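Novice: Quick one: the structure is below, and I'll ask about it shortly.
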Amino acid sequence: MVVKYFLKKSKPYKWLIILSLLWSIIIAWVSIISPIYQTKLVDIVSMTWIERPELVTMLLKLLLIILILDLTNIWAWRLVWFPMIKYENDVTKDIYEECFQYLHRHSYRFFSNNLSWSLIRKISKLAWSYETVVDTFIFQILNMIIFIPMTIIIVMNENVKIWLLFLAFVIIYTTLQIIFFNIMKKY
């Protein structure tokens with residue numbers, strides 16, 4: 001019910017949310033790709049049979065690629081935060097305004113018979129929980145949704161045995177998490 005309410009309040013800001021999600025996907029992709037180039041850098045340095053001029057040009061190309069990837073990562077983080085700050089603050093403000101407008105429609109007797117401060121505290125918790133939900137989704141759940149399949153694909157291309165072990169681990173871990181969640185949900 002709360003998630004539906006948050007989705008309804010987020011709808012006017014869908015383009016800002018899509019922009020944040022897009023930059024978050026780019027961050028995850030660059031974070032996965034960058035270590036691959038760093039390992040290639042170590043592999044090239046450890047090659048002794050390459051002549052020095054060739055080695056220098058190969059290293060410079062790889063260092064340039066790593067620099068571009070790291071700069072992309074830095075800029076993408078900045079570009080995630082700009083739309084996020086805008087729509088999180090606006091949605092929080094909209095939640096506050098709607099809740100307080102609803103409260104103001106009640107009579108004086110309602111406020112004298114009820115603990116009005118507890119209502120205001122609940123409104124504040126609802127408004128600030130939106131930011132927590134959005135941050136958790138973008139920075140944890142979305143990253144996990146992107147990282148796990150990309151990591152599995154990269155490991156699959158490198159070594160099939162390790163890929164099978166990693167895939168088995170992911171399946172077992174996910175299954176246990178779902179089971180424990182269902183057990184704890186009762187309480």
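We name chains A, B, ... following the order of the structure tokens; residues begin at 1 in each chain, and ligands are numbered from 1 as shown.
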Within 12 Å of Leu79 of chain A, counting only C-alpha atoms, which residues qualify if same-chain residues fewer than 2 places away don't, as a list of chain:residue names?
Specialist: A:Leu16, A:Ile17, A:Leu19, A:Ser20, A:Leu21, A:Leu22, A:Trp23, A:Ser24, A:Ile25, A:Ile26, A:Ile27, A:Thr72, A:Asn73, A:Ile74, A:Trp75, A:Ala76, A:Trp77, A:Trp81, A:Phe82, A:Pro83, A:Met84, A:Ile85, A:Lys86
Novice: Can you tell me, as JSON, numbers by chain, what residues are no more than 7 Å from Tyr130 of chain A when counting only C-alpha atoms, ignoring any on the same chain fewer than 4 positions away?
Specialist: {"A": [6, 92, 126, 134]}
Novice: So which one's closest to Ser31 of chain A, A:Val91, A:Trp128, A:Trp163, A:Ile66? Using only C-alpha atoms, please.
Specialist: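 Nearest candidate to Ser31 of chain A out of A:Val91, A:Trp128, A:Trp163, A:Ile66: A:Ile66.
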Novice: Suppose you want the space between atom CA of Glu88 of chain A and atom CA of Lys8 of chain A; what is it in Å?
Specialist: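 It comes out at 13.4 Å.
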Novice: Can you list, as a list of chain:residue names, every protein, DNA or RNA residue that comes within 8 Å of Cys99 of chain A when you count only C-alpha atoms, leaving out same-chain residues fewer than 4 positions away?
Specialist: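 Contacts, with the query itself left out: A:Ile95, A:Leu103, A:Ile123.
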Novice: Next, dump the selected residues to file, keeping only N, CA and C atoms, as a PDB file, in the first residue's frame.
Specialist:
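The result, written out as selection26.pdb:
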```pdb
ATOM      1  N   ILE A  95       4.378  14.836  -0.401  1.00  0.00           N
ATOM      2  CA  ILE A  95       3.804  13.969   0.637  1.00  0.00           C
ATOM      3  C   ILE A  95       3.450  14.798   1.874  1.00  0.00           C
ATOM      4  N   LEU A 103      -4.904  16.691   7.204  1.00  0.00           N
ATOM      5  CA  LEU A 103      -5.071  16.958   8.635  1.00  0.00           C
ATOM      6  C   LEU A 103      -5.819  18.269   8.893  1.00  0.00           C
ATOM      7  N   ILE A 123       3.613  11.375   9.877  1.00  0.00           N
ATOM      8  CA  ILE A 123       3.706  12.005   8.559  1.00  0.00           C
ATOM      9  C   ILE A 123       5.176  12.199   8.185  1.00  0.00           C
TER      10      ILE A 123
END
```
